[in-house]
Structure formats: C-alpha cells, structure tokens
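*Asks:* Supplied structure: protein_17.cif, mmCIF, C-alpha atoms and all ligand atoms.
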```cif
data_coords
loop_
_atom_site.label_atom_id
_atom_site.label_comp_id
_atom_site.auth_asym_id
_atom_site.auth_seq_id
_atom_site.Cartn_x
_atom_site.Cartn_y
_atom_site.Cartn_z
CA MET Q 286 18.70 -12.82 8.42
CA LYS Q 287 17.49 -10.86 5.43
CA LYS Q 288 13.95 -9.42 5.40
CA ARG Q 289 12.37 -12.04 3.13
CA THR Q 290 13.62 -14.79 5.47
CA GLN Q 291 12.38 -12.97 8.56
CA LEU Q 292 8.92 -12.64 7.02
CA VAL Q 293 8.61 -16.42 7.00
CA HIS Q 294 10.49 -17.34 10.20
CA GLY Q 295 10.72 -14.22 12.37
CA GLY Q 296 9.09 -14.32 15.80
CA THR Q 297 8.04 -17.99 15.50
CA LYS Q 298 7.51 -19.74 18.85
CA ARG Q 299 6.91 -23.48 18.68
CA SER Q 300 5.05 -25.45 21.31
CA GLN Q 301 6.24 -28.85 22.52
CA TRP Q 302 4.48 -30.41 19.48
CA GLY Q 303 6.83 -28.77 16.97
CA GLU Q 304 4.02 -27.56 14.70
CA LEU Q 305 5.36 -26.22 11.37
CA SER Q 306 2.75 -23.52 10.88
CA GLU Q 307 2.26 -21.04 13.71
CA ALA Q 308 -0.29 -22.15 16.31
CA ILE Q 309 -3.43 -20.18 17.14
CA PHE Q 310 -3.57 -19.90 20.90
CA LEU Q 311 -7.27 -19.11 21.01
CA THR Q 312 -7.33 -18.64 24.75
CA GLN Q 313 -8.34 -15.73 26.95
CA GLY Q 314 -6.48 -16.86 30.04
CA PHE Q 315 -3.45 -18.85 31.20
CA ALA Q 316 -3.19 -21.36 34.06
CA TYR Q 317 -0.36 -21.07 36.58
CA ASP Q 318 1.59 -23.95 38.12
CA SER Q 319 1.23 -22.45 41.60
CA ALA Q 320 -0.13 -19.50 43.53
CA GLU Q 321 3.45 -18.25 43.80
CA GLN Q 322 3.84 -18.29 40.02
CA ALA Q 323 0.61 -16.32 39.59
CA GLU Q 324 1.79 -13.77 42.17
CA GLY Q 325 5.17 -13.47 40.47
CA ARG Q 326 3.63 -12.90 37.06
CA PHE Q 327 1.49 -10.04 38.35
CA ILE Q 328 4.60 -8.45 39.91
CA ASP Q 329 6.76 -8.76 36.79
CA CYS Q 330 5.45 -10.37 33.60
CA GLY Q 331 8.36 -11.53 31.41
CA PRO Q 332 8.41 -11.43 27.60
CA ASP Q 333 7.24 -15.04 27.17
CA GLU Q 334 4.82 -15.03 30.07
CA TYR Q 335 1.12 -14.31 29.78
CA ILE Q 336 -1.72 -13.28 32.09
CA TYR Q 337 -4.76 -12.44 29.97
CA ALA Q 338 -5.28 -12.03 26.22
CA ARG Q 339 -6.05 -8.31 26.51
CA TYR Q 340 -2.48 -7.93 27.90
CA GLY Q 341 -0.81 -10.34 25.49
CA ASN Q 342 -1.09 -13.77 23.86
CA PRO Q 343 1.55 -16.03 22.26
CA THR Q 344 0.05 -15.82 18.74
CA VAL Q 345 -0.31 -12.04 19.01
CA ARG Q 346 3.26 -11.84 20.30
CA MET Q 347 4.52 -13.77 17.25
CA PHE Q 348 2.79 -11.23 15.01
CA GLU Q 349 4.25 -8.29 16.96
CA GLU Q 350 7.78 -9.69 16.74
CA ARG Q 351 7.53 -10.52 13.04
CA ILE Q 352 6.16 -7.12 11.99
CA ALA Q 353 8.73 -5.35 14.23
CA LEU Q 354 11.51 -7.25 12.42
CA LEU Q 355 10.09 -6.24 9.03
CA GLU Q 356 9.89 -2.58 10.06
CA GLY Q 357 13.24 -2.55 11.85
CA ALA Q 358 11.55 -1.42 15.09
CA GLU Q 359 12.57 -2.54 18.59
CA ASP Q 360 9.05 -3.57 19.55
CA GLY Q 361 5.38 -3.38 18.62
CA PHE Q 362 1.89 -3.59 20.11
CA ALA Q 363 -0.87 -5.22 18.04
CA THR Q 364 -4.31 -3.64 18.05
CA ALA Q 365 -7.87 -4.57 17.07
CA SER Q 366 -7.84 -2.27 14.02
CA GLY Q 367 -5.76 0.42 12.37
CA MET Q 368 -7.81 3.09 14.11
CA ALA Q 369 -7.19 1.48 17.53
CA ALA Q 370 -3.48 1.84 16.67
CA VAL Q 371 -3.73 5.51 15.62
CA ASN Q 372 -5.86 6.35 18.67
CA GLY Q 373 -3.67 4.30 21.03
CA ALA Q 374 -0.41 5.83 19.85
CA LEU Q 375 -1.70 9.39 20.22
CA VAL Q 376 -3.82 9.14 23.37
CA SER Q 377 -1.32 7.01 25.29
CA MET Q 378 1.34 9.73 25.03
CA LEU Q 379 -0.71 12.97 25.17
CA LYS Q 380 -2.29 14.93 28.01
CA ALA Q 381 -4.29 18.15 28.38
CA GLY Q 382 -2.23 21.21 27.47
CA ASP Q 383 -0.06 19.39 24.91
CA HIS Q 384 0.33 20.69 21.37
CA VAL Q 385 0.28 18.50 18.24
CA VAL Q 386 1.00 19.41 14.62
CA SER Q 387 -0.71 17.26 11.99
CA ALA Q 388 -0.92 17.10 8.23
CA ARG Q 389 -4.40 18.09 7.01
CA ALA Q 390 -4.75 15.39 4.33
CA LEU Q 391 -5.74 12.45 6.53
CA PHE Q 392 -7.83 9.29 6.40
CA GLY Q 393 -11.30 10.39 7.64
CA SER Q 394 -11.18 8.56 10.97
CA CYS Q 395 -7.66 9.87 11.70
CA LEU Q 396 -8.96 13.39 11.05
CA TYR Q 397 -11.82 12.75 13.50
CA ILE Q 398 -9.36 11.84 16.28
CA LEU Q 399 -7.14 14.87 15.68
CA GLU Q 400 -9.84 17.41 14.92
CA THR Q 401 -12.65 16.32 17.27
CA ILE Q 402 -11.50 13.94 20.02
CA LEU Q 403 -8.09 15.29 21.08
CA PRO Q 404 -9.26 18.94 21.43
CA ARG Q 405 -12.12 17.72 23.67
CA PHE Q 406 -9.45 16.59 26.15
CA GLY Q 407 -7.48 19.82 26.01
CA VAL Q 408 -4.93 18.92 23.33
CA GLU Q 409 -4.30 21.72 20.85
CA VAL Q 410 -3.86 20.59 17.23
CA THR Q 411 -2.44 22.72 14.41
CA PHE Q 412 -3.03 21.48 10.85
CA VAL Q 413 -0.52 22.06 8.03
CA ASP Q 414 -0.09 21.16 4.38
CA GLY Q 415 2.04 18.04 4.91
CA ALA Q 416 4.10 18.40 1.73
CA ASP Q 417 5.25 21.94 2.67
CA LEU Q 418 8.20 21.81 5.09
CA GLU Q 419 7.95 25.58 5.67
CA GLN Q 420 4.49 25.08 7.18
CA TRP Q 421 5.83 22.39 9.54
CA ARG Q 422 8.67 24.71 10.55
CA ALA Q 423 6.22 27.53 11.30
CA ALA Q 424 3.82 25.33 13.27
CA VAL Q 425 6.14 23.24 15.49
CA ARG Q 426 6.78 25.01 18.83
CA PRO Q 427 8.76 24.27 22.00
CA ASP Q 428 5.60 22.83 23.62
CA THR Q 429 4.80 20.57 20.62
CA ARG Q 430 4.78 16.99 21.93
CA ALA Q 431 4.10 15.18 18.67
CA VAL Q 432 3.72 15.54 14.93
CA PHE Q 433 1.42 13.22 13.00
CA PHE Q 434 1.05 12.53 9.29
CA GLU Q 435 0.38 9.87 6.65
CA SER Q 436 3.65 9.39 4.79
CA MET Q 437 1.64 9.04 1.55
CA SER Q 438 -1.76 10.70 1.63
CA ASN Q 439 -5.12 9.23 0.69
CA PRO Q 440 -6.32 9.51 -2.05
CA THR Q 441 -4.01 11.96 -3.84
CA LEU Q 442 -0.77 10.11 -2.97
CA GLU Q 443 1.12 13.14 -1.77
CA LEU Q 444 4.34 12.24 0.03
CA VAL Q 445 5.43 13.83 3.28
CA ASP Q 446 9.21 14.06 3.64
CA ILE Q 447 9.75 11.93 6.78
CA ALA Q 448 13.40 12.97 7.26
CA GLY Q 449 12.59 16.66 6.69
CA VAL Q 450 9.68 16.75 9.15
CA ALA Q 451 11.63 14.67 11.69
CA GLN Q 452 14.49 17.16 11.67
CA ILE Q 453 12.06 20.02 12.42
CA ALA Q 454 10.16 18.06 15.09
CA HIS Q 455 13.23 16.67 16.84
CA ALA Q 456 14.81 20.13 17.06
CA GLN Q 457 11.88 21.04 19.38
CA GLY Q 458 11.80 17.69 21.18
CA ALA Q 459 8.57 16.46 19.54
CA LEU Q 460 7.96 12.80 18.67
CA VAL Q 461 7.30 11.86 15.03
CA LEU Q 462 4.27 9.56 14.54
CA VAL Q 463 3.79 8.24 11.01
CA ASP Q 464 0.71 6.46 9.63
CA ASN Q 465 2.56 4.45 7.00
CA VAL Q 466 -0.27 2.44 5.40
CA PHE Q 467 0.08 3.67 1.81
CA SER Q 468 3.89 3.31 1.83
CA THR Q 469 3.53 -0.30 3.12
CA PRO Q 470 6.08 -1.95 5.44
CA VAL Q 471 7.82 -3.39 2.34
CA TYR Q 472 8.94 0.07 1.14
CA SER Q 473 9.35 1.62 4.58
CA ASP Q 474 12.59 2.76 6.13
CA ALA Q 475 10.69 5.24 8.29
CA ILE Q 476 12.57 4.65 11.54
CA ALA Q 477 15.97 5.16 9.93
CA GLN Q 478 14.53 8.28 8.28
CA GLY Q 479 13.55 9.74 11.68
CA ALA Q 480 10.12 8.38 12.62
CA ASP Q 481 9.78 7.56 16.32
CA VAL Q 482 6.50 5.69 16.02
CA VAL Q 483 5.23 3.88 12.91
CA ILE Q 484 1.56 2.89 12.69
CA TYR Q 485 -0.09 0.44 10.29
CA SER Q 486 -3.61 -0.59 9.61
CA ALA Q 487 -2.82 -4.31 9.16
CA THR Q 488 -6.23 -4.56 7.48
CA LYS Q 489 -4.54 -3.36 4.30
CA HIS Q 490 -1.35 -4.87 2.80
CA ILE Q 491 -0.35 -6.88 5.89
CA ASP Q 492 -3.46 -9.05 5.65
CA GLY Q 493 -3.51 -8.36 1.93
CA GLN Q 494 -6.39 -10.73 1.33
CA GLY Q 495 -9.32 -8.77 2.69
CA ARG Q 496 -10.12 -10.90 5.75
CA VAL Q 497 -9.52 -9.25 9.12
CA LEU Q 498 -9.24 -5.85 10.78
CA GLY Q 499 -6.01 -5.23 12.66
CA GLY Q 500 -3.35 -2.67 13.43
CA VAL Q 501 0.05 -2.25 15.01
CA ILE Q 502 2.04 0.47 16.78
CA LEU Q 503 5.83 0.16 16.33
CA GLY Q 504 8.56 2.05 18.16
CA THR Q 505 11.25 1.80 20.81
CA ARG Q 506 10.85 -0.90 23.47
CA ASP Q 507 10.50 1.84 26.06
CA PHE Q 508 7.70 3.65 24.22
CA ILE Q 509 5.79 0.46 23.38
CA ARG Q 510 6.04 -1.20 26.80
CA LYS Q 511 5.88 1.85 29.09
CA THR Q 512 3.57 4.21 27.19
CA VAL Q 513 1.49 2.22 24.68
CA GLU Q 514 1.01 -1.12 26.47
CA PRO Q 515 -0.48 0.23 29.74
CA TYR Q 516 -2.99 2.30 27.75
CA MET Q 517 -3.94 -0.45 25.29
CA LYS Q 518 -4.18 -3.33 27.75
CA HIS Q 519 -6.44 -1.39 30.09
CA THR Q 520 -8.67 0.21 27.45
CA GLY Q 521 -9.38 -2.92 25.42
CA GLY Q 522 -8.17 -2.32 21.87
CA SER Q 523 -5.96 -5.43 21.80
CA MET Q 524 -5.76 -7.79 18.82
CA SER Q 525 -7.54 -11.16 18.82
CA PRO Q 526 -5.29 -14.27 18.56
CA PHE Q 527 -7.23 -15.42 15.50
CA THR Q 528 -6.56 -12.09 13.77
CA ALA Q 529 -2.87 -12.33 14.67
CA TRP Q 530 -2.69 -15.78 13.10
CA VAL Q 531 -4.29 -14.58 9.86
CA LEU Q 532 -1.87 -11.65 9.77
CA LEU Q 533 1.16 -13.88 10.43
CA LYS Q 534 0.20 -15.76 7.24
CA GLY Q 535 -0.23 -12.40 5.48
CA ILE Q 536 3.27 -11.24 6.44
CA GLU Q 537 4.78 -14.40 4.94
CA THR Q 538 3.77 -13.26 1.45
CA ILE Q 539 3.68 -9.46 1.82
CA ASP Q 540 6.98 -8.83 0.05
CA LEU Q 541 6.00 -10.95 -2.98
CA ARG Q 542 2.52 -9.45 -3.17
CA VAL Q 543 3.43 -5.80 -2.73
CA ARG Q 544 6.29 -5.93 -5.23
CA ALA Q 545 4.04 -7.57 -7.84
CA GLN Q 546 1.23 -5.08 -7.14
CA THR Q 547 3.70 -2.22 -7.51
CA GLU Q 548 4.95 -3.50 -10.88
CA SER Q 549 1.34 -3.70 -12.09
CA ALA Q 550 0.51 -0.22 -10.71
CA LEU Q 551 3.36 1.22 -12.78
CA GLN Q 552 2.10 -0.59 -15.89
CA ILE Q 553 -1.44 0.71 -15.39
CA ALA Q 554 -0.25 4.26 -14.68
CA THR Q 555 1.96 4.18 -17.78
CA ALA Q 556 -0.90 2.85 -19.94
CA LEU Q 557 -3.27 5.62 -18.78
CA ASP Q 558 -0.79 8.51 -18.74
CA GLY Q 559 -1.55 11.03 -21.49
CA ARG Q 560 -4.70 9.24 -22.79
CA PRO Q 561 -7.53 11.47 -24.02
CA GLY Q 562 -10.17 11.76 -21.31
CA VAL Q 563 -7.64 11.38 -18.48
CA THR Q 564 -6.63 14.80 -17.20
CA ARG Q 565 -4.19 13.50 -14.59
CA VAL Q 566 -2.55 10.23 -13.59
CA ILE Q 567 -1.23 10.45 -10.06
CA TYR Q 568 1.45 7.83 -9.40
CA PRO Q 569 4.71 8.70 -7.65
CA GLY Q 570 6.42 5.95 -9.66
CA LEU Q 571 5.96 7.95 -12.88
CA GLN Q 572 8.97 10.09 -13.73
CA GLY Q 573 6.76 13.12 -14.32
CA HIS Q 574 5.31 13.01 -10.79
CA PRO Q 575 6.42 16.18 -8.90
CA GLN Q 576 7.63 14.09 -5.93
CA HIS Q 577 9.30 11.33 -7.96
CA ALA Q 578 12.74 12.13 -6.50
CA LEU Q 579 11.43 12.16 -2.92
CA MET Q 580 9.66 8.84 -3.58
CA LEU Q 581 12.93 7.28 -4.80
CA ARG Q 582 14.76 8.55 -1.70
CA GLN Q 583 12.05 7.62 0.81
CA MET Q 584 10.45 4.43 -0.58
CA GLY Q 585 12.45 3.33 -3.62
CA LYS Q 586 9.25 2.30 -5.46
CA GLY Q 587 5.94 4.01 -6.20
CA GLY Q 588 3.71 1.60 -4.27
CA THR Q 589 0.46 -0.21 -5.01
CA MET Q 590 -1.94 2.74 -5.22
CA LEU Q 591 -2.65 5.19 -8.02
CA ALA Q 592 -5.29 7.78 -8.83
CA ILE Q 593 -6.66 9.11 -12.09
CA ASP Q 594 -8.67 12.21 -12.77
CA LEU Q 595 -11.23 11.84 -15.55
CA ASP Q 596 -12.43 14.63 -17.78
CA GLY Q 597 -16.21 14.82 -17.28
CA GLY Q 598 -16.49 14.76 -13.49
CA LYS Q 599 -18.77 12.42 -11.56
CA ALA Q 600 -20.68 11.17 -14.62
CA ALA Q 601 -17.45 10.09 -16.32
CA ALA Q 602 -16.12 8.54 -13.10
CA PHE Q 603 -19.31 6.53 -12.58
CA ARG Q 604 -19.31 5.34 -16.22
CA PHE Q 605 -15.70 4.23 -15.75
CA LEU Q 606 -16.45 2.34 -12.52
CA ASN Q 607 -19.57 0.67 -13.92
CA ALA Q 608 -17.69 -0.51 -17.03
CA LEU Q 609 -14.92 -2.29 -15.07
CA GLU Q 610 -15.06 -6.08 -15.37
CA VAL Q 611 -12.11 -7.32 -13.28
CA ILE Q 612 -11.49 -4.45 -10.88
CA LEU Q 613 -14.10 -4.32 -8.09
CA ILE Q 614 -15.86 -1.21 -6.80
CA SER Q 615 -15.07 -0.97 -3.09
CA ASN Q 616 -13.49 1.39 -0.58
CA ASN Q 617 -10.86 -0.98 0.84
CA LEU Q 618 -7.23 -1.12 -0.32
CA GLY Q 619 -4.12 -3.25 -0.22
CA ASP Q 620 -6.10 -6.37 -1.19
CA ALA Q 621 -5.02 -9.15 -3.58
CA LYS Q 622 -8.08 -8.12 -5.60
CA SER Q 623 -7.86 -4.83 -7.49
CA ILE Q 624 -10.26 -2.20 -6.21
CA ALA Q 625 -11.54 1.11 -7.62
CA THR Q 626 -12.96 3.85 -5.40
CA HIS Q 627 -14.70 7.18 -6.11
CA PRO Q 628 -13.49 9.16 -3.06
CA ALA Q 629 -15.75 12.21 -3.59
CA THR Q 630 -18.94 10.15 -3.10
CA THR Q 631 -17.67 7.51 -0.66
CA THR Q 632 -14.57 7.74 1.58
CA HIS Q 633 -14.41 11.54 1.44
CA GLN Q 634 -18.13 12.29 1.00
CA ARG Q 635 -18.44 13.88 4.45
CA LEU Q 636 -15.76 16.52 3.82
CA ALA Q 637 -16.92 20.05 3.00
CA PRO Q 638 -16.73 20.60 -0.78
CA GLU Q 639 -14.13 23.40 -0.35
CA LEU Q 640 -11.86 21.15 1.73
CA ARG Q 641 -12.28 18.32 -0.81
CA ALA Q 642 -11.30 20.70 -3.59
CA SER Q 643 -8.30 22.01 -1.65
CA LEU Q 644 -7.12 18.41 -1.16
CA GLY Q 645 -7.37 17.77 -4.91
CA ILE Q 646 -10.31 15.36 -4.55
CA THR Q 647 -12.24 16.26 -7.68
CA GLU Q 648 -15.51 14.73 -8.90
CA GLY Q 649 -13.59 12.90 -11.63
CA LEU Q 650 -10.99 11.36 -9.32
CA ILE Q 651 -10.79 7.57 -9.07
CA ARG Q 652 -8.43 5.77 -6.71
CA LEU Q 653 -7.11 2.38 -7.76
CA SER Q 654 -5.70 -0.19 -5.35
CA VAL Q 655 -3.83 -2.59 -7.59
CA GLY Q 656 -4.08 -6.30 -6.79
CA ILE Q 657 -2.14 -9.39 -7.85
CA GLU Q 658 -4.16 -10.29 -10.94
CA ASP Q 659 -2.33 -10.57 -14.29
CA PRO Q 660 -1.29 -7.00 -15.18
CA GLU Q 661 -2.36 -7.48 -18.83
CA ASP Q 662 -5.93 -8.14 -17.66
CA LEU Q 663 -5.83 -5.07 -15.42
CA VAL Q 664 -4.51 -2.79 -18.17
CA ALA Q 665 -7.16 -4.12 -20.57
CA ASP Q 666 -9.84 -3.53 -17.93
CA VAL Q 667 -8.96 0.14 -17.31
CA LEU Q 668 -8.55 0.86 -21.03
CA GLY Q 669 -11.92 -0.81 -21.73
CA ALA Q 670 -13.58 1.27 -19.01
CA LEU Q 671 -11.97 4.41 -20.37
CA ALA Q 672 -13.35 3.59 -23.83
CA ALA Q 673 -16.82 3.23 -22.26
CA VAL Q 674 -16.45 6.74 -20.80
C1 LIG D 701 -7.48 2.06 6.61
C2 LIG D 701 -6.64 3.11 7.20
C3 LIG D 701 -6.67 3.38 8.57
C4 LIG D 701 -7.60 2.68 9.52
O1 LIG D 701 -7.43 1.30 9.57
P1 LIG D 701 -8.59 0.27 10.01
O2 LIG D 701 -7.88 -1.03 10.06
O3 LIG D 701 -9.67 0.36 8.97
O4 LIG D 701 -9.08 0.72 11.34
C5 LIG D 701 -5.85 4.37 9.06
N1 LIG D 701 -5.03 5.07 8.24
C6 LIG D 701 -4.98 4.84 6.91
C7 LIG D 701 -4.06 5.65 6.07
C8 LIG D 701 -5.78 3.86 6.34
O5 LIG D 701 -5.73 3.63 5.02
#
```
Would you put the structure from the file into structure tokens?
*Replies:*
Amino acid sequence: MKKRTQLVHGGTKRSQWGELSEAIFLTQGFAYDSAEQAEGRFIDCGPDEYIYARYGNPTVRMFEERIALLEGAEDGFATASGMAAVNGALVSMLKAGDHVVSARALFGSCLYILETILPRFGVEVTFVDGADLEQWRAAVRPDTRAVFFESMSNPTLELVDIAGVAQIAHAQGALVLVDNVFSTPVYSDAIAQGADVVIYSATKHIDGQGRVLGGVILGTRDFIRKTVEPYMKHTGGSMSPFTAWVLLKGIETIDLRVRAQTESALQIATALDGRPGVTRVIYPGLQGHPQHALMLRQMGKGGTMLAIDLDGGKAAAFRFLNALEVILISNNLGDAKSIATHPATTTHQRLAPELRASLGITEGLIRLSVGIEDPEDLVADVLGALAAV
C-alpha cells in the first residue's frame, strides 16, 4: 500500500466487535486464561501478546506499527515524550568509555543529555558544527559508537547531510541517530539515506493538534526489541494508551496537514523575503537558501518551519509578536495553529550569549511554525505585524 493509505489503515488491530475507529485499550494489565499461559508469556512474549502496559499495550502497538510504516522502519518503540525517546535511544545503547559525536545546534533538552548527563556516566561527547562534513570526519574515531544530530536544526533550520554523515560514521562502525522532528516523517527518507535510528517527538507534527506529549524510537527490529525495549520497559518511559490513540488519529491526517503547512510556509517566506525591516528570511524552500539543493535531495520540500531576522533586535521582534492577530505567541511547533517564538528570550534563553550568537540566534530572530489556517490570512498577519514594527 502507498503511504497515504497506510496512514489510515496501517497497524490496525480490530477486536471481536469490529470497531471502525481504533480502540483505546486503557488497561494496565492483561488476564491470562491459565497459569500455564501466564508462565509461557513471561518466557517468550509474542508480538500480539501483552503482560503489562509499561512493556506494551495493543493501542500503543498500533501506533508503533503505523509510524514505523510511515517511516519505512522495521520496528518502533513508543515513549512518553520526545525527550524519553532521545534519552532512551542514547542511553540504551551506550556504556562508560564509549565516544559519541554530536552536532552542537540542538534542542535544549537534547543538549542537556549529551553535554551533562552522558559525560556523568563516562561517555565522552565531541561536538561539531553539524553542517560541516569535514568536522564530522575529523571527530569520528574508531571507538565512536554513535553520532547524533537534528536533521534540521532549531531554530535556524540548518540541514545536516544525513547521507554524508552516515558514510563517515559507518566507515568507523558508528550508529547514526537522527532527531528528525523538523523534517517531519512526511518528508523523511532518513533510513534509506543512512540513518540507523530515527527519533521523533510525536508532540509536534504527529499529534499536530497540540494535545499530548509523546515520542518514538524507530530502527531495525533487532535494535528496537533487543536494545531499546529492555531499557524502556524497565525504566518507565513508555507511552500511555490514551496518548497512543490520540497520535493514531494524528497520523491519519499528518500527510494532508504537513503538505498544506509547507505550502503556506513557502508563501509566507516568499512574501517576507526582501522586505524592508527583514534582514534575513531563513527557509530552505526558498531558492536563495544556501542549502536549497541539499533540502531538495534530502526532503524534497522545505517543511513547515521558517525563521525571520528583524532589523531592530529584541524591540522590533517584540513589536512584531505583539502585533500578530492570528498567529499565537508560544514555544511549541508542528501544531495546526500557527505559532511565533522569540528563541533568544524563551527556548534558547539559557544559552550563553556567545553560543547563541555563534548559532545565529540573534535578538531579532523570530521562529514561525506554520499551521493550517488560510495562507492569505497568515500572510496578511505577518505583513501587518511587520508594518507595526
Ligand atoms: C520538541 C522536541 C524534542 C522533545 O520533545 P518532547 O515531546 O517535548 O519531549 C526533541 N527534539 C526536538 C528537535 C524537538 O523539537
């Protein structure tokens, strides 16, 4: 079946009632027909057999199978949040003495895991500029166990060349772990491009309607069942069945939503590009973007996020935000509702000013997560706010 069909039907398991919409199995435990059956399940738990919701649950399993089909991965493990997925993927496979190479431009909580938590347990982490393949080549060593990066960075939308980094990492036997949130599963071909493990915060485009926290780790059946599952099921970061049900509904419409959001993002970027007062429009879908060719090769489309840099720093950025009438001020992304963020004072406030500057996060930078509203309203909103600046 083609992707759009799988998004609606993939992974569905119907009970004896034949319910049309996926059932929420809001149960912690499962009753066995006999003591022998209970014993057997603890010896070898089959794919459609369950013991306890921290280990697995039918609704969660439907979500895992559907998102694995969308990504083209053999298997997946659903987690309580995107950060439980990032932490679970890394910690389940690493041990003291291992070496990891990571891109420096990371979501704040990802940076905390790589910079603060992993070194506390004896894992050495080297940070590189993710867009510079030469830096990856210089940093990856024979004892490097894993490389980690966000395929499109937050908030400056810099792409990391998945195939290029994978070639370098695989030559030394290191696994490639990709946080693929900004690229979205709709525009991802990460596994074919060389990623071994793909991680999503399902909180973003997979829910797409701002309701639940969730995450997923995708990879080979061996990696998911033998490395990730034992760690996740014993440490407690598993997804709730209710969350899985909400996300199953989200996946049904993700392709329609993300493609519409991407069309609108291009319209907004085009409308703002070159306007007085806007020093920079960062959108990989614009032909003038320095990584436009890489974006076409890796994703095919520019995605749902863009950033603009306003002349006039923080004061201009705040005037812009406060003049918006449709687009909401928030720090989330991937929602059906359009959202504007001022990274320097919110999501990236804790970074040292020099690091913020080196990452291109200026005082005038605004990140836009484009929603599914009418694009004409969105363009009018940003142009109106720019006039107020
Ligand atoms: C939001 C986000 C996360 C964390 O996801 P949560 O669901 O909030 O835990 C990780 N990486 C990236 C790139 C994100 O945008």
*Asks:* Within 9 Å of ligand LIG 701 (chain D), counting only C-alpha atoms and all ligand atoms: which residues, as a ChimeraX atom specification?
*Replies:* /Q:365-371,391-395,435-439,464-467,484-489,497-500,617-619
*Asks:* Region 323-325 of chain Q: which residues within 12 Å, counting only C-alpha atoms, same-chain residues fewer than 6 positions away excluded, as a list of chain:residue names?
*Replies:*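 Once the adjacent positions are removed, what remains is Q:Gly314, Q:Phe315, Q:Ala316, Q:Tyr317, Q:Gly331, Q:Glu334, Q:Tyr335, Q:Ile336, Q:Tyr337.
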*Asks:* Name the residues in contact with region 339-343 of chain Q at a cut-off of 7 Å, using only C-alpha atoms, excluding same-chain residues fewer than 4 positions from it; report them as a list in words.
*Replies:* Phe310, Tyr335, Met347, Lys518, Gly521, Ser523 and Pro526 of chain Q
*Asks:* Between Q:Val461, Q:Met590, Q:Met524, Q:Ile491, which one has atoms that come closest to Ile536 (chain Q), using only C-alpha atoms?
*Replies:*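 Distance minimum relative to Ile536 (chain Q) lands on Q:Ile491.
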*Asks:* Please determine the residues with any atom at most 9 Å from (-9.7, 14.4, -17.3) (coordinates as given in the file, with all atoms listed in the file counting) and report them as a PyMOL selection string.
*Replies:* chain Q and resi 561-565+593-598+601+649-650
*Asks:* Using all atoms listed in the file, give me every residue within 10 Å of (1.3, -13.5, 18.5) in file coordinates, as a PyMOL selection string.
*Replies:* chain Q and resi 296-298+307-310+341-351+363+524-530+532-533
*Asks:* Choose the residue, out of Q:Leu305, Q:Ala423, Q:Ala550, Q:Ile651, that has the smallest atom-to-atom separation from Thr632 (chain Q); count all atoms listed in the file.
*Replies:*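 Looking at the shortest contact to Thr632 (chain Q), the residue is Q:Ile651.
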*Asks:* Would you work out the distance separating CA of Glu443 (chain Q) from CA of Val543 (chain Q), expressed in Å to one decimal?
*Replies:*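 A separation of 19.1 Å between them.
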